[in-house]
>>> print(open('start03.cif').read())   # mmCIF, C-alpha atoms
data_protein
loop_
_atom_site.label_atom_id
_atom_site.label_comp_id
_atom_site.auth_asym_id
_atom_site.auth_seq_id
_atom_site.Cartn_x
_atom_site.Cartn_y
_atom_site.Cartn_z
CA MET A 1 69.20 -86.75 -147.20
CA THR A 2 67.63 -89.98 -146.19
CA ASP A 3 68.53 -91.36 -142.86
CA THR A 4 66.98 -94.68 -141.94
CA MET A 5 67.56 -93.91 -138.29
CA THR A 6 64.93 -91.18 -138.35
CA ASN A 7 62.18 -93.53 -139.51
CA SER A 8 59.61 -94.17 -136.85
CA LYS A 9 59.89 -97.54 -135.26
CA PRO A 10 56.80 -99.67 -135.69
CA SER A 11 54.96 -100.29 -132.49
CA THR A 12 55.18 -103.78 -131.12
CA LYS A 13 52.13 -105.80 -130.22
CA GLN A 14 53.33 -106.83 -126.81
CA ASP A 15 49.88 -106.11 -125.46
CA ALA A 16 48.61 -108.94 -127.64
CA VAL A 17 50.83 -111.32 -125.74
CA GLN A 18 49.33 -112.54 -122.56
CA PRO A 19 51.85 -112.58 -119.77
CA SER A 20 52.51 -116.11 -118.69
CA GLY A 21 56.13 -116.39 -117.73
CA GLY A 22 57.22 -115.42 -121.23
CA ARG A 23 54.80 -117.81 -122.91
CA ASP A 24 52.70 -116.46 -125.74
CA VAL A 25 49.51 -118.30 -124.97
CA LEU A 26 46.17 -118.25 -126.72
CA GLU A 27 43.24 -118.39 -124.35
CA VAL A 28 39.99 -119.85 -125.62
CA TYR A 29 37.07 -120.48 -123.30
CA GLY A 30 39.42 -120.28 -120.34
CA THR A 31 41.84 -122.84 -121.76
CA ARG A 32 45.39 -121.72 -122.42
CA LEU A 33 46.99 -123.10 -125.54
CA ASP A 34 50.66 -122.88 -126.44
CA SER A 35 50.20 -123.81 -130.10
CA ARG A 36 48.32 -121.55 -132.48
CA LEU A 37 47.91 -124.29 -135.06
CA PHE A 38 44.79 -126.48 -134.92
CA LEU A 39 45.06 -129.60 -137.06
CA GLY A 40 42.40 -131.76 -138.69
CA THR A 41 42.71 -135.54 -138.45
CA ALA A 42 41.13 -136.61 -141.77
CA GLN A 43 42.56 -137.91 -145.06
CA TYR A 44 45.99 -139.06 -143.80
CA PRO A 45 47.58 -142.04 -145.55
CA SER A 46 47.52 -144.00 -142.27
CA PRO A 47 46.81 -143.53 -138.55
CA GLN A 48 50.57 -143.75 -137.94
CA VAL A 49 51.24 -140.82 -140.27
CA LEU A 50 48.48 -138.81 -138.57
CA GLU A 51 50.01 -139.54 -135.18
CA ARG A 52 53.47 -138.43 -136.30
CA ALA A 53 52.09 -135.33 -138.04
CA VAL A 54 50.28 -134.21 -134.88
CA LYS A 55 53.52 -134.57 -132.93
CA ALA A 56 55.62 -132.87 -135.63
CA ALA A 57 53.26 -129.88 -135.76
CA GLY A 58 53.32 -129.60 -131.98
CA VAL A 59 49.59 -128.88 -131.84
CA ASP A 60 47.42 -128.73 -128.72
CA VAL A 61 44.08 -129.15 -130.51
CA VAL A 62 42.92 -131.56 -133.21
CA THR A 63 39.53 -131.66 -134.90
CA VAL A 64 37.45 -134.84 -135.09
CA SER A 65 33.97 -135.83 -136.23
CA VAL A 66 31.23 -138.38 -135.71
CA ARG A 67 30.13 -140.76 -138.43
CA ARG A 68 27.81 -143.73 -138.79
CA GLU A 69 29.27 -146.87 -137.23
CA GLY A 70 28.46 -150.29 -138.64
CA ALA A 71 27.65 -153.06 -136.19
CA ARG A 72 30.78 -154.99 -135.17
CA ASP A 73 32.91 -152.35 -136.86
CA LYS A 74 35.25 -151.15 -134.14
CA GLY A 75 36.73 -148.37 -136.29
CA GLY A 76 35.44 -145.67 -133.99
CA GLN A 77 36.89 -147.33 -130.92
CA ARG A 78 40.31 -147.74 -132.54
CA PHE A 79 40.35 -144.14 -133.75
CA TRP A 80 39.32 -142.87 -130.33
CA GLU A 81 42.06 -144.85 -128.58
CA MET A 82 44.66 -143.47 -130.97
CA ILE A 83 43.49 -139.87 -130.49
CA ALA A 84 43.26 -140.26 -126.72
CA GLY A 85 46.84 -141.48 -126.73
CA LEU A 86 48.05 -138.25 -128.34
CA GLY A 87 47.32 -136.22 -125.22
CA VAL A 88 45.81 -133.31 -127.14
CA ARG A 89 42.43 -131.62 -126.86
CA VAL A 90 39.78 -132.67 -129.34
CA LEU A 91 37.45 -130.27 -131.09
CA PRO A 92 34.54 -132.25 -132.58
CA ASN A 93 32.94 -130.76 -135.69
CA THR A 94 29.49 -130.94 -137.21
CA ALA A 95 30.85 -131.33 -140.74
CA GLY A 96 28.30 -132.22 -143.38
CA CYS A 97 25.31 -130.84 -141.49
CA ARG A 98 22.92 -128.80 -143.61
CA THR A 99 20.45 -127.59 -141.03
CA ALA A 100 20.69 -126.16 -137.54
CA ARG A 101 18.80 -129.19 -136.23
CA GLU A 102 21.30 -131.65 -137.74
CA ALA A 103 24.17 -129.64 -136.30
CA ILE A 104 22.59 -129.52 -132.84
CA THR A 105 21.96 -133.29 -132.72
CA THR A 106 25.44 -134.00 -134.09
CA ALA A 107 26.98 -131.73 -131.45
CA GLU A 108 25.04 -133.49 -128.71
CA MET A 109 26.21 -136.90 -129.92
CA ALA A 110 29.79 -135.62 -130.16
CA ARG A 111 29.71 -134.26 -126.63
CA GLU A 112 28.78 -137.68 -125.28
CA LEU A 113 31.33 -139.52 -127.43
CA PHE A 114 34.30 -137.22 -126.90
CA ASN A 115 33.41 -136.03 -123.41
CA THR A 116 33.98 -132.37 -124.26
CA ASP A 117 31.72 -129.34 -124.48
CA TRP A 118 33.85 -127.87 -127.25
CA VAL A 119 32.27 -128.05 -130.70
CA LYS A 120 33.16 -126.62 -134.10
CA VAL A 121 29.77 -125.81 -135.56
CA GLU A 122 29.50 -126.10 -139.32
CA VAL A 123 26.22 -125.68 -141.13
CA ILE A 124 26.84 -125.99 -144.85
CA ALA A 125 24.91 -123.83 -147.32
CA ASN A 126 26.24 -124.95 -150.68
CA ASP A 127 27.85 -128.11 -152.06
CA ASP A 128 30.27 -126.37 -154.42
CA THR A 129 31.67 -123.84 -151.98
CA LEU A 130 30.90 -125.61 -148.69
CA GLN A 131 30.32 -122.10 -147.43
CA PRO A 132 28.69 -121.69 -144.05
CA ASP A 133 24.94 -121.14 -143.86
CA LEU A 134 25.18 -118.14 -141.57
CA PHE A 135 21.49 -118.21 -140.65
CA GLY A 136 21.64 -121.88 -139.65
CA LEU A 137 24.95 -121.29 -137.90
CA VAL A 138 23.52 -118.53 -135.70
CA GLU A 139 20.44 -120.64 -134.96
CA ALA A 140 22.45 -123.74 -134.01
CA THR A 141 24.94 -121.71 -132.01
CA THR A 142 22.21 -119.97 -130.02
CA THR A 143 20.72 -123.33 -128.97
CA LEU A 144 24.06 -125.02 -128.29
CA VAL A 145 25.38 -122.18 -126.12
CA ARG A 146 22.18 -122.42 -124.11
CA GLU A 147 22.88 -126.15 -123.70
CA GLY A 148 26.30 -125.37 -122.26
CA PHE A 149 28.44 -125.90 -125.34
CA LYS A 150 31.53 -123.84 -126.06
CA VAL A 151 30.98 -123.11 -129.72
CA PHE A 152 33.76 -122.59 -132.27
CA PRO A 153 31.70 -121.26 -135.20
CA TYR A 154 32.91 -121.90 -138.75
CA THR A 155 31.84 -118.65 -140.39
CA THR A 156 32.71 -116.16 -143.14
CA GLU A 157 34.13 -112.65 -142.84
CA ASP A 158 30.59 -111.25 -142.50
CA LEU A 159 30.54 -108.66 -139.73
CA GLY A 160 26.81 -108.96 -139.13
CA ALA A 161 27.01 -112.71 -138.60
CA ALA A 162 30.04 -112.18 -136.38
CA GLU A 163 28.07 -109.78 -134.18
CA ARG A 164 25.22 -112.27 -133.91
CA LEU A 165 27.54 -115.14 -133.02
CA LEU A 166 29.25 -113.12 -130.30
CA ALA A 167 25.87 -111.99 -128.97
CA ALA A 168 24.82 -115.66 -128.88
CA GLY A 169 27.75 -116.37 -126.57
CA CYS A 170 30.70 -117.33 -128.75
CA GLU A 171 34.03 -116.28 -127.29
CA LEU A 172 35.86 -116.72 -130.58
CA LEU A 173 35.16 -116.82 -134.30
CA MET A 174 36.55 -119.01 -137.06
CA PRO A 175 36.29 -117.20 -140.41
CA TRP A 176 37.17 -119.11 -143.54
CA GLY A 177 40.31 -118.35 -145.50
CA ALA A 178 38.94 -119.94 -148.67
CA PRO A 179 36.48 -122.77 -149.35
CA ILE A 180 37.29 -126.03 -147.54
CA GLY A 181 39.83 -128.19 -149.33
CA THR A 182 40.78 -125.65 -152.00
CA GLY A 183 44.19 -124.65 -150.65
CA ARG A 184 43.78 -121.18 -152.11
CA GLY A 185 44.96 -119.32 -149.03
CA LEU A 186 43.33 -116.09 -147.94
CA ALA A 187 40.84 -115.43 -150.74
CA ASN A 188 39.66 -112.11 -149.34
CA PRO A 189 42.43 -110.53 -147.25
CA TYR A 190 40.65 -107.17 -147.25
CA ALA A 191 37.55 -108.61 -145.59
CA LEU A 192 39.63 -110.65 -143.17
CA ARG A 193 41.62 -107.56 -142.20
CA THR A 194 38.37 -105.68 -141.66
CA LEU A 195 37.12 -108.44 -139.38
CA ARG A 196 40.42 -108.45 -137.48
CA ASN A 197 40.35 -104.69 -137.01
CA TYR A 198 36.68 -104.62 -136.05
CA PHE A 199 37.10 -107.21 -133.28
CA PRO A 200 40.55 -106.49 -131.84
CA GLY A 201 39.85 -108.35 -128.61
CA VAL A 202 38.10 -111.45 -129.96
CA PRO A 203 40.20 -114.55 -130.70
CA LEU A 204 39.94 -115.16 -134.45
CA VAL A 205 41.01 -118.46 -136.02
CA VAL A 206 41.35 -118.68 -139.80
CA ASP A 207 39.75 -122.01 -140.63
CA ALA A 208 39.77 -123.69 -144.05
CA GLY A 209 41.34 -122.96 -147.41
CA ILE A 210 44.92 -122.78 -146.18
CA GLY A 211 47.14 -124.57 -148.72
CA ALA A 212 50.72 -123.52 -147.99
CA PRO A 213 52.71 -122.58 -144.90
CA SER A 214 53.04 -119.05 -146.35
CA HIS A 215 49.23 -118.71 -146.21
CA ALA A 216 49.28 -119.63 -142.54
CA ALA A 217 52.12 -117.20 -141.88
CA GLN A 218 50.22 -114.46 -143.71
CA ALA A 219 47.15 -114.96 -141.53
CA MET A 220 49.27 -114.83 -138.40
CA GLU A 221 51.14 -111.71 -139.60
CA MET A 222 47.75 -110.05 -140.09
CA GLY A 223 47.08 -110.61 -136.41
CA PHE A 224 44.85 -113.64 -136.48
CA ASP A 225 45.18 -115.66 -133.32
CA ALA A 226 45.46 -119.14 -134.83
CA VAL A 227 44.83 -121.18 -137.97
CA LEU A 228 43.00 -124.46 -138.45
CA LEU A 229 43.86 -126.67 -141.40
CA ASN A 230 43.74 -130.28 -142.47
CA THR A 231 44.06 -131.08 -146.17
CA ALA A 232 47.26 -129.08 -146.70
CA VAL A 233 49.05 -131.41 -144.28
CA ALA A 234 47.16 -134.65 -144.85
CA LYS A 235 47.50 -134.52 -148.64
CA ALA A 236 51.11 -133.34 -148.73
CA GLY A 237 53.72 -135.62 -150.26
CA ASP A 238 55.20 -135.98 -146.77
CA PRO A 239 52.50 -135.04 -144.26
CA VAL A 240 54.84 -135.26 -141.26
CA ALA A 241 57.37 -132.84 -142.78
CA MET A 242 54.54 -130.54 -143.89
CA ALA A 243 53.10 -130.55 -140.38
CA GLU A 244 56.47 -129.39 -139.12
CA ALA A 245 56.58 -126.68 -141.81
CA PHE A 246 53.15 -125.38 -140.81
CA GLY A 247 54.13 -125.35 -137.15
CA ALA A 248 57.18 -123.24 -138.00
CA ALA A 249 55.18 -120.92 -140.30
CA VAL A 250 52.55 -120.24 -137.65
CA ARG A 251 55.22 -119.47 -135.07
CA ALA A 252 57.08 -117.21 -137.53
CA GLY A 253 53.92 -115.30 -138.49
CA ARG A 254 52.88 -114.88 -134.89
CA THR A 255 56.33 -113.70 -133.81
CA ALA A 256 56.37 -111.20 -136.71
CA PHE A 257 52.98 -109.82 -135.74
CA VAL A 258 54.02 -109.39 -132.14
CA ALA A 259 57.32 -107.82 -133.19
CA GLY A 260 55.47 -105.21 -135.26
CA MET A 261 56.14 -105.15 -138.99
CA MET A 262 57.38 -102.13 -140.94
CA GLU A 263 54.97 -100.06 -142.97
CA VAL A 264 54.82 -100.72 -146.69
CA ARG A 265 55.83 -97.65 -148.74
CA ASP A 266 55.76 -96.78 -152.41
CA MET A 267 59.19 -95.23 -152.88
CA ALA A 268 62.55 -96.84 -152.33
CA ALA A 269 64.54 -95.84 -149.28
CA PRO A 270 68.17 -96.87 -148.98
CA SER A 271 68.89 -99.18 -146.13
CA THR A 272 72.62 -98.50 -146.25
CA PRO A 273 73.53 -95.09 -144.79
CA VAL A 274 73.87 -92.39 -147.49
CA ALA A 275 76.20 -90.21 -145.41
CA GLY A 276 79.82 -91.05 -146.13
CA THR A 277 79.16 -92.67 -149.48
CA PRO A 278 82.52 -92.71 -151.37
CA PHE A 279 82.80 -90.52 -154.50
CA PHE A 280 79.62 -88.73 -153.39
CA ASP A 281 81.09 -85.31 -154.25
CA LEU A 282 82.11 -86.46 -157.73
CA LYS A 283 78.50 -86.93 -158.87
CA MET B 1 6.58 -163.31 -129.37
CA ASP B 2 6.90 -159.59 -129.91
CA ALA B 3 5.91 -158.18 -133.24
CA VAL B 4 8.57 -157.27 -135.75
CA LEU B 5 9.14 -153.55 -136.23
CA GLU B 6 10.49 -152.06 -139.39
CA VAL B 7 12.94 -149.25 -138.66
CA VAL B 8 15.77 -147.51 -140.46
CA VAL B 9 19.23 -147.79 -138.96
CA ASN B 10 21.96 -145.54 -140.34
CA GLY B 11 19.99 -145.14 -143.54
CA GLU B 12 19.35 -148.88 -144.08
CA PRO B 13 16.02 -150.63 -143.52
CA ALA B 14 16.10 -153.09 -140.62
CA ARG B 15 13.63 -155.46 -138.96
CA THR B 16 13.80 -155.85 -135.24
CA ARG B 17 12.05 -157.43 -132.29
CA ALA B 18 13.74 -155.00 -129.91
CA ARG B 19 11.40 -152.79 -127.89
CA THR B 20 13.91 -150.17 -126.80
CA LEU B 21 16.89 -148.45 -128.32
CA ALA B 22 19.14 -150.21 -125.82
CA ASP B 23 17.76 -153.61 -126.91
CA LEU B 24 18.21 -152.68 -130.57
CA LEU B 25 21.88 -151.91 -130.02
CA VAL B 26 22.39 -155.29 -128.38
CA GLU B 27 20.43 -157.09 -131.10
CA LEU B 28 22.46 -155.44 -133.84
CA GLY B 29 25.72 -156.41 -132.16
CA TYR B 30 26.97 -153.04 -130.96
CA GLY B 31 27.41 -154.41 -127.46
CA ASP B 32 29.48 -151.97 -125.46
CA ALA B 33 30.83 -150.19 -128.56
CA LYS B 34 31.66 -146.51 -128.17
CA VAL B 35 28.65 -145.07 -129.98
CA ALA B 36 26.19 -142.21 -129.63
CA THR B 37 22.60 -142.40 -130.80
CA ALA B 38 19.75 -140.35 -132.17
CA ARG B 39 16.13 -141.26 -132.92
CA ASN B 40 14.12 -139.37 -135.51
CA GLY B 41 16.71 -136.62 -135.52
CA ASP B 42 16.87 -136.13 -131.75
CA PHE B 43 19.84 -137.09 -129.59
CA VAL B 44 19.22 -139.98 -127.19
CA PRO B 45 21.73 -139.92 -124.32
CA HIS B 46 23.32 -143.22 -123.30
CA ARG B 47 21.44 -143.29 -119.99
CA LYS B 48 18.06 -142.93 -121.70
CA ARG B 49 18.46 -145.68 -124.31
CA ASP B 50 16.64 -148.28 -122.24
CA THR B 51 13.64 -146.01 -121.71
CA VAL B 52 13.21 -145.00 -125.36
CA GLU B 53 10.62 -147.32 -126.88
CA LEU B 54 10.83 -147.97 -130.59
CA THR B 55 8.00 -147.35 -133.01
CA GLY B 56 7.66 -148.67 -136.55
CA GLY B 57 9.26 -146.28 -139.04
CA ASP B 58 11.73 -144.83 -136.54
CA THR B 59 15.00 -143.64 -138.03
CA ILE B 60 17.95 -144.41 -135.83
CA GLU B 61 21.44 -142.99 -136.11
CA ILE B 62 24.35 -144.82 -134.48
CA VAL B 63 27.64 -142.92 -134.70
CA SER B 64 31.16 -143.23 -133.39
CA PRO B 65 34.35 -141.11 -133.28
CA ARG B 66 35.92 -140.45 -136.67
CA GLN B 67 38.58 -138.37 -138.36
CA GLY B 68 37.49 -134.82 -139.08
CA GLY B 69 38.70 -131.48 -140.31
#
>>> encode(input="start03.cif", output="structure tokens")
Amino acid sequence: MTDTMTNSKPSTKQDAVQPSGGRDVLEVYGTRLDSRLFLGTAQYPSPQVLERAVKAAGVDVVTVSVRREGARDKGGQRFWEMIAGLGVRVLPNTAGCRTAREAITTAEMARELFNTDWVKVEVIANDDTLQPDLFGLVEATTTLVREGFKVFPYTTEDLGAAERLLAAGCELLMPWGAPIGTGRGLANPYALRTLRNYFPGVPLVVDAGIGAPSHAAQAMEMGFDAVLLNTAVAKAGDPVAMAEAFGAAVRAGRTAFVAGMMEVRDMAAPSTPVAGTPFFDLK
Amino acid sequence: MDAVLEVVVNGEPARTRARTLADLLVELGYGDAKVATARNGDFVPHRKRDTVELTGGDTIEIVSPRQGG
């Protein structure tokens, strides 16, 4: 006779929650963050929509970049004033860099412009996949950590690269979900799960490739510490509503992970008690 | 009169009489714009712009805050 009450209760992940008066905070480089969603600031229909999306998602961190500024073009100044007014932390990236040297110089320029030592280091290996050049990434990261940067490395699921990045001084890793801008979700959940299990104590942020709130929830249910996305919100029909949806999905996935999910099993098991089923003796 | 230098600014050829990076920024009209700079691939901090002397053929990058993912 099957009795659901005898099934073992899944263990909760309360130890993953840092005690802070009931807050479930994510600590990165000594900074405590309430939101586990990092949002990109590119491709929105207007600055106003971006501003409202950031507020709707309830994020603490937004990513930004540096780009060539034309003389008398005050675009950078206007963008900076808008971002500064949001009251969130900025994480400058080195998007578009193809060598460690480009990434290092870009990071140095970003540190002066944004007045932060945080930097998301991207070194791109291939135009079609925009996949990280792991060799250049480790090289740039090694130099930047030495220069006092707090590096958020955009990487793959590769365990060897992960080891090298941590040895270089990274306190977190940002593995890709799928290639940037594809919206395909977690392309290699097996490898991501391996990474998660191999580094239980390292904050891991799934960065890139997230297309739907369910993808973000899936990453959080797997025990990732946060997700970073941009296009899925910016290119939504209603970016502000989508930002809200992603905020809710990340919270739901995180809460589910902490609660401890049931084990998947092959055979059905009745959820309604079998004992006392009417007509049972007539069968 | 100082000689004219041919340099490359943000990927475009430019002719300048400026001697330093700080002078070049003024000449090009950046004024007190919120920009960061690099010369020949190396970062030049704000405080060092007036000590960096330009040479013909220099490539200069002038960047500002932008949207990013």
>>> atom_distance(input="start03.cif", atom1="CA of Met261 (chain A)", atom2="CA of Gly223 (chain A)")
10.9 Å
>>> closest_atom_pairs(input="start03.cif", of="chain A", to="chain B", cutoff="10 Å", atoms="all atoms listed in the file", output="Markdown table")
| residue | atom | partner | partner_atom | distance |
| --- | --- | --- | --- | --- |
| A:Phe38 | CA | B:Gly69 | CA | 9.5 |
| A:Leu39 | CA | B:Gly69 | CA | 7.4 |
| A:Gly40 | CA | B:Gly69 | CA | 4.0 |
| A:Thr41 | CA | B:Gln67 | CA | 5.0 |
| A:Ala42 | CA | B:Gln67 | CA | 4.6 |
| A:Gln43 | CA | B:Gln67 | CA | 7.8 |
| A:Tyr44 | CA | B:Gln67 | CA | 9.2 |
| A:Pro47 | CA | B:Gln67 | CA | 9.7 |
| A:Leu50 | CA | B:Gln67 | CA | 9.9 |
| A:Val62 | CA | B:Gly69 | CA | 8.3 |
| A:Thr63 | CA | B:Gly69 | CA | 5.5 |
| A:Val64 | CA | B:Gly68 | CA | 4.0 |
| A:Ser65 | CA | B:Gly68 | CA | 4.6 |
| A:Val66 | CA | B:Pro65 | CA | 4.8 |
| A:Arg67 | CA | B:Val63 | CA | 5.0 |
| A:Arg68 | CA | B:Val63 | CA | 4.2 |
| A:Glu69 | CA | B:Val63 | CA | 5.0 |
| A:Gly70 | CA | B:Ile62 | CA | 8.0 |
| A:Ala71 | CA | B:Tyr30 | CA | 5.3 |
| A:Arg72 | CA | B:Tyr30 | CA | 6.0 |
| A:Asp73 | CA | B:Tyr30 | CA | 8.4 |
| A:Lys74 | CA | B:Ala33 | CA | 7.2 |
| A:Gly75 | CA | B:Arg66 | CA | 8.0 |
| A:Gly76 | CA | B:Pro65 | CA | 4.7 |
| A:Gln77 | CA | B:Lys34 | CA | 6.0 |
| A:Arg78 | CA | B:Pro65 | CA | 8.9 |
| A:Phe79 | CA | B:Arg66 | CA | 6.5 |
| A:Trp80 | CA | B:Pro65 | CA | 6.0 |
| A:Glu81 | CA | B:Pro65 | CA | 9.8 |
| A:Ile83 | CA | B:Gln67 | CA | 9.4 |
| A:Leu91 | CA | B:Gly68 | CA | 9.2 |
| A:Pro92 | CA | B:Gly68 | CA | 7.6 |
| A:Asn93 | CA | B:Gly68 | CA | 7.0 |
| A:Thr94 | CA | B:Gly68 | CA | 9.1 |
| A:Ala95 | CA | B:Gly68 | CA | 7.7 |
| A:Arg101 | CA | B:Gly41 | CA | 7.8 |
| A:Glu102 | CA | B:Gly41 | CA | 7.1 |
| A:Ile104 | CA | B:Phe43 | CA | 8.7 |
| A:Thr105 | CA | B:Phe43 | CA | 5.4 |
| A:Thr106 | CA | B:Phe43 | CA | 7.8 |
| A:Ala107 | CA | B:Phe43 | CA | 9.1 |
| A:Glu108 | CA | B:Phe43 | CA | 6.4 |
| A:Met109 | CA | B:Ala36 | CA | 5.3 |
| A:Ala110 | CA | B:Ala36 | CA | 7.5 |
| A:Arg111 | CA | B:Ala36 | CA | 9.2 |
| A:Glu112 | CA | B:Ala36 | CA | 6.8 |
| A:Leu113 | CA | B:Ala36 | CA | 6.2 |
| A:Phe114 | CA | B:Pro65 | CA | 7.5 |
| A:Lys120 | CA | B:Gly69 | CA | 9.6 |
| A:Ile180 | CA | B:Gly69 | CA | 9.2 |
| A:Gly181 | CA | B:Gly69 | CA | 9.7 |
| A:Asp207 | CA | B:Gly69 | CA | 9.5 |
| A:Ala208 | CA | B:Gly69 | CA | 8.7 |
| A:Leu228 | CA | B:Gly69 | CA | 8.4 |
| A:Leu229 | CA | B:Gly69 | CA | 7.1 |
| A:Asn230 | CA | B:Gly69 | CA | 5.6 |
| A:Thr231 | CA | B:Gly69 | CA | 8.0 |
>>> atom_distance(input="start03.cif", atom1="CA of Leu144 (chain A)", atom2="CA of Leu172 (chain A)")
14.6 Å
>>> closest_residue(input="start03.cif", among="A:Thr277, A:Thr155, A:Thr182, A:Thr141", to="Asp128 (chain A)", atoms="only C-alpha atoms")
A:Thr182
>>> atom_distance(input="start03.cif", atom1="CA of Val123 (chain A)", atom2="CA of Arg98 (chain A)")
5.2 Å
>>> closest_residue(input="start03.cif", among="A:Phe224, A:Phe199, A:Trp118, A:Phe152", to="Leu26 (chain A)", atoms="only C-alpha atoms")
A:Phe224
>>> resolve_selection(input="start03.cif", expression="the PyMOL selection byres ((chain B and resi 22) around 9)", output="ChimeraX atom specification")
/B:18-21,23-27,46,48-52
>>> write_last_selection(input="start03.cif", atoms="C-alpha atoms", output="PDB file, in the coordinates of the input")
ATOM      1  CA  ALA B  18      13.740-155.000-129.910  1.00  0.00           C
ATOM      2  CA  ARG B  19      11.400-152.790-127.890  1.00  0.00           C
ATOM      3  CA  THR B  20      13.910-150.170-126.800  1.00  0.00           C
ATOM      4  CA  LEU B  21      16.890-148.450-128.320  1.00  0.00           C
ATOM      5  CA  ASP B  23      17.760-153.610-126.910  1.00  0.00           C
ATOM      6  CA  LEU B  24      18.210-152.680-130.570  1.00  0.00           C
ATOM      7  CA  LEU B  25      21.880-151.910-130.020  1.00  0.00           C
ATOM      8  CA  VAL B  26      22.390-155.290-128.380  1.00  0.00           C
ATOM      9  CA  GLU B  27      20.430-157.090-131.100  1.00  0.00           C
ATOM     10  CA  HIS B  46      23.320-143.220-123.300  1.00  0.00           C
ATOM     11  CA  LYS B  48      18.060-142.930-121.700  1.00  0.00           C
ATOM     12  CA  ARG B  49      18.460-145.680-124.310  1.00  0.00           C
ATOM     13  CA  ASP B  50      16.640-148.280-122.240  1.00  0.00           C
ATOM     14  CA  THR B  51      13.640-146.010-121.710  1.00  0.00           C
ATOM     15  CA  VAL B  52      13.210-145.000-125.360  1.00  0.00           C
TER      16      VAL B  52
END
>>> resolve_selection(input="start03.cif", expression="the PyMOL selection byres ((chain B and resi 16) around 8)", output="list in words")
Val4, Leu5, Glu6, Val7, Ala14, Arg15, Arg17, Ala18, Leu24 and Glu27 of chain B
>>> write_last_selection(input="start03.cif", atoms="C-alpha atoms", output="mmCIF file, in the frame of the given file")
data_model
loop_
_atom_site.group_PDB
_atom_site.id
_atom_site.type_symbol
_atom_site.label_atom_id
_atom_site.label_comp_id
_atom_site.auth_asym_id
_atom_site.auth_seq_id
_atom_site.Cartn_x
_atom_site.Cartn_y
_atom_site.Cartn_z
ATOM 1 C CA VAL B 4 8.570 -157.270 -135.750
ATOM 2 C CA LEU B 5 9.140 -153.550 -136.230
ATOM 3 C CA GLU B 6 10.490 -152.060 -139.390
ATOM 4 C CA VAL B 7 12.940 -149.250 -138.660
ATOM 5 C CA ALA B 14 16.100 -153.090 -140.620
ATOM 6 C CA ARG B 15 13.630 -155.460 -138.960
ATOM 7 C CA ARG B 17 12.050 -157.430 -132.290
ATOM 8 C CA ALA B 18 13.740 -155.000 -129.910
ATOM 9 C CA LEU B 24 18.210 -152.680 -130.570
ATOM 10 C CA GLU B 27 20.430 -157.090 -131.100
#
>>> residues_around(input="start03.cif", residues="Arg52 (chain A)", least_positions_apart="6", cutoff="12 Å", atoms="all atoms listed in the file", output="list of chain:residue names")
A:Thr41, A:Tyr44, A:Pro45, A:Ser46, A:Gly58, A:Val59, A:Met82, A:Ile83, A:Leu86, A:Val233, A:Ala234, A:Asp238, A:Pro239, A:Val240, A:Ala241, A:Met242, A:Ala243, A:Glu244
>>> write_last_selection(input="start03.cif", atoms="C-alpha atoms", output="short mmCIF file (atom, residue, chain, number, x, y, z; two decimals), in the coordinates of the input")
data_model
loop_
_atom_site.label_atom_id
_atom_site.label_comp_id
_atom_site.auth_asym_id
_atom_site.auth_seq_id
_atom_site.Cartn_x
_atom_site.Cartn_y
_atom_site.Cartn_z
CA THR A 41 42.71 -135.54 -138.45
CA TYR A 44 45.99 -139.06 -143.80
CA PRO A 45 47.58 -142.04 -145.55
CA SER A 46 47.52 -144.00 -142.27
CA GLY A 58 53.32 -129.60 -131.98
CA VAL A 59 49.59 -128.88 -131.84
CA MET A 82 44.66 -143.47 -130.97
CA ILE A 83 43.49 -139.87 -130.49
CA LEU A 86 48.05 -138.25 -128.34
CA VAL A 233 49.05 -131.41 -144.28
CA ALA A 234 47.16 -134.65 -144.85
CA ASP A 238 55.20 -135.98 -146.77
CA PRO A 239 52.50 -135.04 -144.26
CA VAL A 240 54.84 -135.26 -141.26
CA ALA A 241 57.37 -132.84 -142.78
CA MET A 242 54.54 -130.54 -143.89
CA ALA A 243 53.10 -130.55 -140.38
CA GLU A 244 56.47 -129.39 -139.12
#
>>> build_atoms(input="start03.cif", residues="region 233-239 of chain A", atoms="N, CA and C atoms", output="mmCIF file, in the coordinates of the input")
data_model
loop_
_atom_site.group_PDB
_atom_site.id
_atom_site.type_symbol
_atom_site.label_atom_id
_atom_site.label_comp_id
_atom_site.auth_asym_id
_atom_site.auth_seq_id
_atom_site.Cartn_x
_atom_site.Cartn_y
_atom_site.Cartn_z
ATOM 1 N N VAL A 233 48.098 -130.493 -144.909
ATOM 2 C CA VAL A 233 49.050 -131.410 -144.280
ATOM 3 C C VAL A 233 48.769 -132.850 -144.705
ATOM 4 N N ALA A 234 47.513 -133.247 -144.608
ATOM 5 C CA ALA A 234 47.160 -134.650 -144.850
ATOM 6 C C ALA A 234 47.480 -135.091 -146.282
ATOM 7 N N LYS A 235 47.298 -134.173 -147.239
ATOM 8 C CA LYS A 235 47.500 -134.520 -148.640
ATOM 9 C C LYS A 235 48.862 -134.099 -149.177
ATOM 10 N N ALA A 236 49.748 -133.673 -148.296
ATOM 11 C CA ALA A 236 51.110 -133.340 -148.730
ATOM 12 C C ALA A 236 51.858 -134.610 -149.096
ATOM 13 N N GLY A 237 52.897 -134.471 -149.909
ATOM 14 C CA GLY A 237 53.720 -135.620 -150.260
ATOM 15 C C GLY A 237 54.274 -136.290 -149.007
ATOM 16 N N ASP A 238 54.707 -135.499 -148.055
ATOM 17 C CA ASP A 238 55.200 -135.980 -146.770
ATOM 18 C C ASP A 238 54.448 -135.217 -145.677
ATOM 19 N N PRO A 239 53.325 -135.765 -145.223
ATOM 20 C CA PRO A 239 52.500 -135.040 -144.260
ATOM 21 C C PRO A 239 53.244 -134.674 -142.962
#
